[in-house]
>>> print(open('final_11.tsv').read())   # TSV, C-alpha atoms
chain	number	residue	atom	x	y	z
A	335	MET	CA	0.00	0.00	0.00
A	336	ALA	CA	1.28	3.46	-0.91
A	337	ASN	CA	1.88	6.18	1.71
A	338	TYR	CA	0.79	8.97	-0.61
A	339	TYR	CA	-2.29	9.45	-2.80
A	340	ARG	CA	-3.10	12.31	-5.15
A	341	VAL	CA	-6.40	13.56	-6.53
A	342	ALA	CA	-6.46	16.08	-9.39
A	343	TYR	CA	-9.35	17.34	-11.50
A	344	LYS	CA	-10.86	20.47	-13.03
A	345	GLU	CA	-14.26	21.31	-11.59
A	346	SER	CA	-17.32	21.08	-13.83
A	347	GLN	CA	-21.03	20.94	-13.19
A	348	ASN	CA	-20.83	17.15	-13.39
A	349	THR	CA	-17.98	16.75	-10.88
A	350	LEU	CA	-19.69	19.14	-8.46
A	351	LYS	CA	-22.98	17.25	-8.92
A	352	GLN	CA	-21.27	14.01	-7.87
A	353	ILE	CA	-19.85	15.68	-4.76
A	354	CYS	CA	-23.09	17.49	-3.89
A	355	GLU	CA	-25.03	14.24	-4.19
A	356	LEU	CA	-22.60	12.55	-1.81
A	357	PHE	CA	-23.22	15.26	0.78
A	358	ARG	CA	-26.99	15.25	0.17
A	359	VAL	CA	-27.46	11.49	0.58
A	360	ASP	CA	-25.44	11.46	3.78
A	361	SER	CA	-27.37	14.41	5.27
A	362	SER	CA	-30.67	12.80	4.30
A	363	ASP	CA	-29.59	9.49	5.83
A	364	ILE	CA	-28.71	11.22	9.11
A	365	THR	CA	-32.02	13.12	9.11
A	366	ILE	CA	-34.26	10.10	8.48
A	367	LYS	CA	-32.50	8.04	11.16
A	368	PHE	CA	-32.84	10.90	13.65
A	369	VAL	CA	-36.54	11.40	12.85
A	370	MET	CA	-37.33	7.69	13.13
A	371	THR	CA	-35.37	7.38	16.37
A	372	VAL	CA	-37.18	10.32	17.98
A	373	MET	CA	-40.64	9.55	16.63
A	374	GLY	CA	-40.64	5.95	17.90
A	375	PRO	CA	-40.54	6.74	21.64
A	376	LEU	CA	-42.75	9.81	21.14
A	377	VAL	CA	-45.56	7.87	19.45
A	378	PHE	CA	-45.18	5.08	22.01
A	379	TYR	CA	-45.57	7.58	24.87
A	380	PHE	CA	-48.80	9.04	23.51
A	381	MET	CA	-50.26	5.61	22.75
A	382	TRP	CA	-49.34	4.36	26.22
A	383	GLU	CA	-50.45	7.49	28.05
A	384	TYR	CA	-53.66	8.29	26.21
A	385	GLY	CA	-54.67	5.00	24.63
A	386	ASN	CA	-55.60	1.61	26.01
A	387	PRO	CA	-52.66	-0.61	24.99
A	388	GLY	CA	-53.31	-4.31	25.34
A	389	GLY	CA	-56.67	-3.70	26.97
A	390	GLY	CA	-54.91	-2.76	30.19
A	391	THR	CA	-54.07	-6.36	31.12
A	392	PRO	CA	-50.46	-7.35	31.94
A	393	GLY	CA	-50.33	-9.93	29.15
A	394	GLY	CA	-51.96	-7.61	26.64
A	395	MET	CA	-49.62	-4.74	27.56
A	396	THR	CA	-46.57	-7.00	27.20
A	397	PHE	CA	-47.75	-8.14	23.77
A	398	PHE	CA	-48.39	-4.50	22.81
A	399	VAL	CA	-44.83	-3.48	23.76
A	400	ILE	CA	-43.28	-6.37	21.82
A	401	LYS	CA	-45.46	-5.71	18.78
A	402	TYR	CA	-44.70	-1.99	18.88
A	403	ILE	CA	-40.93	-2.55	19.03
A	404	VAL	CA	-41.07	-4.96	16.06
A	405	VAL	CA	-43.21	-2.56	13.98
A	406	TRP	CA	-40.96	0.37	14.90
A	407	ALA	CA	-37.84	-1.56	13.87
A	408	LEU	CA	-39.43	-2.57	10.55
A	409	ALA	CA	-40.55	1.00	9.91
A	410	PHE	CA	-37.02	2.24	10.66
A	411	VAL	CA	-35.49	-0.19	8.18
A	412	ALA	CA	-38.13	0.60	5.54
A	413	ALA	CA	-37.53	4.34	5.90
A	414	VAL	CA	-33.76	3.90	5.45
A	415	ILE	CA	-34.28	1.70	2.36
A	416	LEU	CA	-36.75	4.14	0.80
A	417	ASN	CA	-34.38	7.01	1.54
A	418	ARG	CA	-31.56	5.23	-0.28
A	419	THR	CA	-33.66	4.15	-3.29
A	420	ILE	CA	-36.76	6.11	-4.26
A	421	TRP	CA	-35.85	9.31	-2.40
A	422	ARG	CA	-32.33	9.07	-3.82
A	423	LYS	CA	-33.67	10.19	-7.21
A	424	VAL	CA	-35.01	13.38	-5.64
A	425	LEU	CA	-31.67	14.01	-3.96
A	426	SER	CA	-29.87	13.46	-7.25
A	427	THR	CA	-32.07	16.06	-8.94
A	428	THR	CA	-31.48	18.51	-6.10
A	429	ALA	CA	-27.74	17.92	-6.38
A	430	VAL	CA	-27.88	19.02	-10.03
A	431	GLY	CA	-29.28	22.39	-8.98
A	432	ASP	CA	-26.70	22.70	-6.19
A	433	ALA	CA	-23.90	21.96	-8.65
A	434	GLU	CA	-25.09	24.54	-11.17
A	435	ASP	CA	-25.22	27.25	-8.50
A	436	GLN	CA	-21.83	26.31	-7.06
A	437	PHE	CA	-20.16	26.07	-10.45
A	438	ASP	CA	-21.39	29.51	-11.53
A	439	ARG	CA	-20.40	31.08	-8.23
A	440	ARG	CA	-16.95	29.49	-8.12
A	441	CYS	CA	-16.26	30.44	-11.74
A	442	ARG	CA	-17.13	34.06	-10.99
A	443	LEU	CA	-14.90	34.12	-7.92
A	444	ASN	CA	-11.96	32.40	-9.63
A	445	GLY	CA	-12.19	33.70	-13.18
A	446	GLY	CA	-13.08	30.27	-14.61
A	447	PRO	CA	-13.30	26.59	-13.64
A	448	VAL	CA	-11.26	25.68	-10.57
A	449	SER	CA	-8.45	23.14	-10.74
A	450	SER	CA	-8.58	21.16	-7.51
A	451	GLU	CA	-6.09	18.77	-5.93
A	452	ILE	CA	-6.09	16.69	-2.76
A	453	HIS	CA	-2.87	15.22	-1.39
A	454	PHE	CA	-3.14	12.42	1.14
A	455	PHE	CA	0.10	12.15	3.10
A	456	ASP	CA	1.04	9.74	5.87
A	457	ASP	CA	0.03	12.07	8.72
A	458	HIS	CA	-2.39	14.61	7.15
A	459	PHE	CA	-4.05	15.65	3.89
A	460	ASP	CA	-4.25	18.92	1.97
A	461	SER	CA	-6.99	20.33	-0.25
A	462	VAL	CA	-5.35	22.63	-2.80
A	463	THR	CA	-6.63	25.17	-5.35
A	464	ALA	CA	-4.79	28.07	-7.00
A	465	LYS	CA	-6.09	30.49	-4.36
A	466	LYS	CA	-6.18	28.38	-1.21
A	467	THR	CA	-4.63	25.42	0.55
A	468	ARG	CA	-6.36	23.80	3.51
A	469	SER	CA	-4.61	21.23	5.66
A	470	PHE	CA	-6.49	18.61	7.71
A	471	SER	CA	-5.47	16.17	10.42
A	472	TYR	CA	-6.67	12.58	10.23
A	473	GLN	CA	-7.58	12.92	13.91
A	474	ASP	CA	-10.40	15.29	12.91
A	475	VAL	CA	-11.97	12.92	10.38
A	476	THR	CA	-15.39	11.78	11.58
A	477	LYS	CA	-16.66	9.87	8.55
A	478	ILE	CA	-15.69	8.46	5.16
A	479	LEU	CA	-18.38	8.43	2.46
A	480	GLU	CA	-18.66	6.72	-0.90
A	481	THR	CA	-21.14	6.50	-3.76
A	482	LYS	CA	-20.70	4.88	-7.15
A	483	GLU	CA	-19.18	8.09	-8.53
A	484	ALA	CA	-17.69	10.00	-5.61
A	485	PHE	CA	-15.61	9.67	-2.46
A	486	GLY	CA	-15.58	12.03	0.51
A	487	VAL	CA	-13.95	12.63	3.87
A	488	VAL	CA	-15.94	14.47	6.53
A	489	VAL	CA	-13.92	16.44	9.07
A	490	LYS	CA	-14.85	18.49	12.08
A	491	ALA	CA	-14.55	22.04	10.79
A	492	ASP	CA	-13.08	23.26	14.07
A	493	PRO	CA	-11.52	20.73	16.48
A	494	GLU	CA	-12.69	22.90	19.40
A	495	THR	CA	-16.30	23.05	18.21
A	496	VAL	CA	-18.84	20.94	20.07
A	497	GLY	CA	-21.66	19.78	17.81
A	498	SER	CA	-22.09	18.96	14.17
A	499	ALA	CA	-20.02	21.71	12.52
A	500	ARG	CA	-18.28	19.89	9.70
A	501	ALA	CA	-16.74	20.16	6.27
A	502	MET	CA	-16.64	17.55	3.55
A	503	ILE	CA	-13.69	17.15	1.22
A	504	GLY	CA	-15.08	15.23	-1.74
A	505	PHE	CA	-13.93	14.29	-5.21
A	506	PRO	CA	-14.94	12.19	-8.24
A	507	LYS	CA	-13.48	8.69	-8.00
A	508	THR	CA	-11.99	9.03	-11.49
A	509	ALA	CA	-9.84	11.92	-10.23
A	510	LEU	CA	-7.79	9.65	-7.93
A	511	GLU	CA	-4.48	8.71	-9.52
A	512	GLY	CA	-4.49	4.95	-9.96
A	513	ASN	CA	-8.28	5.02	-9.44
A	514	ASN	CA	-8.00	2.63	-6.47
A	515	THR	CA	-10.47	4.03	-3.94
A	516	ASP	CA	-10.56	0.72	-2.03
A	517	GLU	CA	-6.86	1.07	-1.28
A	518	LEU	CA	-7.29	4.72	-0.33
A	519	ALA	CA	-10.15	3.76	2.00
A	520	GLU	CA	-7.94	1.18	3.73
A	521	PHE	CA	-5.17	3.78	4.02
A	522	LEU	CA	-7.56	6.28	5.64
A	523	LEU	CA	-9.19	3.79	8.00
A	524	GLU	CA	-5.76	3.00	9.46
A	525	ARG	CA	-5.12	6.68	10.18
A	526	CYS	CA	-8.53	8.11	11.07
A	527	ARG	CA	-8.64	6.67	14.56
A	528	ASN	CA	-11.35	8.94	15.99
A	529	MET	CA	-14.13	7.73	13.70
A	530	LYS	CA	-17.08	6.18	15.55
A	531	ARG	CA	-17.93	4.07	12.51
A	532	LYS	CA	-14.80	2.12	11.61
A	533	LYS	CA	-15.72	1.58	7.99
A	534	VAL	CA	-16.68	3.48	4.86
A	535	LYS	CA	-20.32	4.58	4.71
A	536	LYS	CA	-21.45	3.51	1.25
A	537	PHE	CA	-24.58	4.61	-0.62
>>> encode(input="final_11.tsv", output="structure tokens")
Amino acid sequence: MANYYRVAYKESQNTLKQICELFRVDSSDITIKFVMTVMGPLVFYFMWEYGNPGGGTPGGMTFFVIKYIVVWALAFVAAVILNRTIWRKVLSTTAVGDAEDQFDRRCRLNGGPVSSEIHFFDDHFDSVTAKKTRSFSYQDVTKILETKEAFGVVVKADPETVGSARAMIGFPKTALEGNNTDELAEFLLERCRNMKRKKVKKF
């Protein structure tokens, strides 16, 4: 395995669409899981408090609890599947609009399409354009994302920030020299030791 990986590409509406979609599907996945997690106990509380679960008998109430947990789990799984299939088409369409807006704005600010590079070194990685270089520590990486077309690394925008403030450094898979994203993923997983999920989140 190499100790250095390089990404290089010129931004276009298509490359930005791939990156925007990666961010969109991850945000949507987080949102649907949060909603389903919160709604489950909330609905259960109102049914238990204001309804008549199981007819009020101990056996009936026990059966109600078991049935509710099973239905809630199935609904959770169904929501995640729908989010990653049918709803994915909506997110893809939204990503097209995001990419168009970003491409126009970045071209205006930079006098034309931006040439972007990412250098993955042994102890950190840099995101480089003609006007700006940003350096990131692997310790601040919280998540690694992947779709069929794009790859992304999510980092805490400010190591001192408490909460969800984050930045995503994404790129089209074809922009990786050698085009071996599986090897890059293995390289990153060895170094990003503060990730809660010790694997690539694939969509």
>>> closest_residue(input="final_11.tsv", among="A:Val341, A:Val487, A:Val399, A:Val414", to="Phe537 of chain A", atoms="all atoms listed in the file")
A:Val414
>>> closest_residue(input="final_11.tsv", among="A:Val359, A:Ile403, A:Cys354, A:Val489", to="Arg418 of chain A", atoms="all atoms listed in the file")
A:Val359
>>> closest_residue(input="final_11.tsv", among="A:Val534, A:Gln347, A:Gly486, A:Tyr339", to="Arg439 of chain A", atoms="all atoms listed in the file")
A:Gln347
>>> closest_residue(input="final_11.tsv", among="A:Met395, A:Leu479, A:Val430, A:Cys526", to="Ser346 of chain A", atoms="all atoms listed in the file")
A:Val430
>>> closest_residue(input="final_11.tsv", among="A:Phe459, A:Ala429, A:Arg468, A:Ala484", to="Asn337 of chain A", atoms="all atoms listed in the file")
A:Phe459
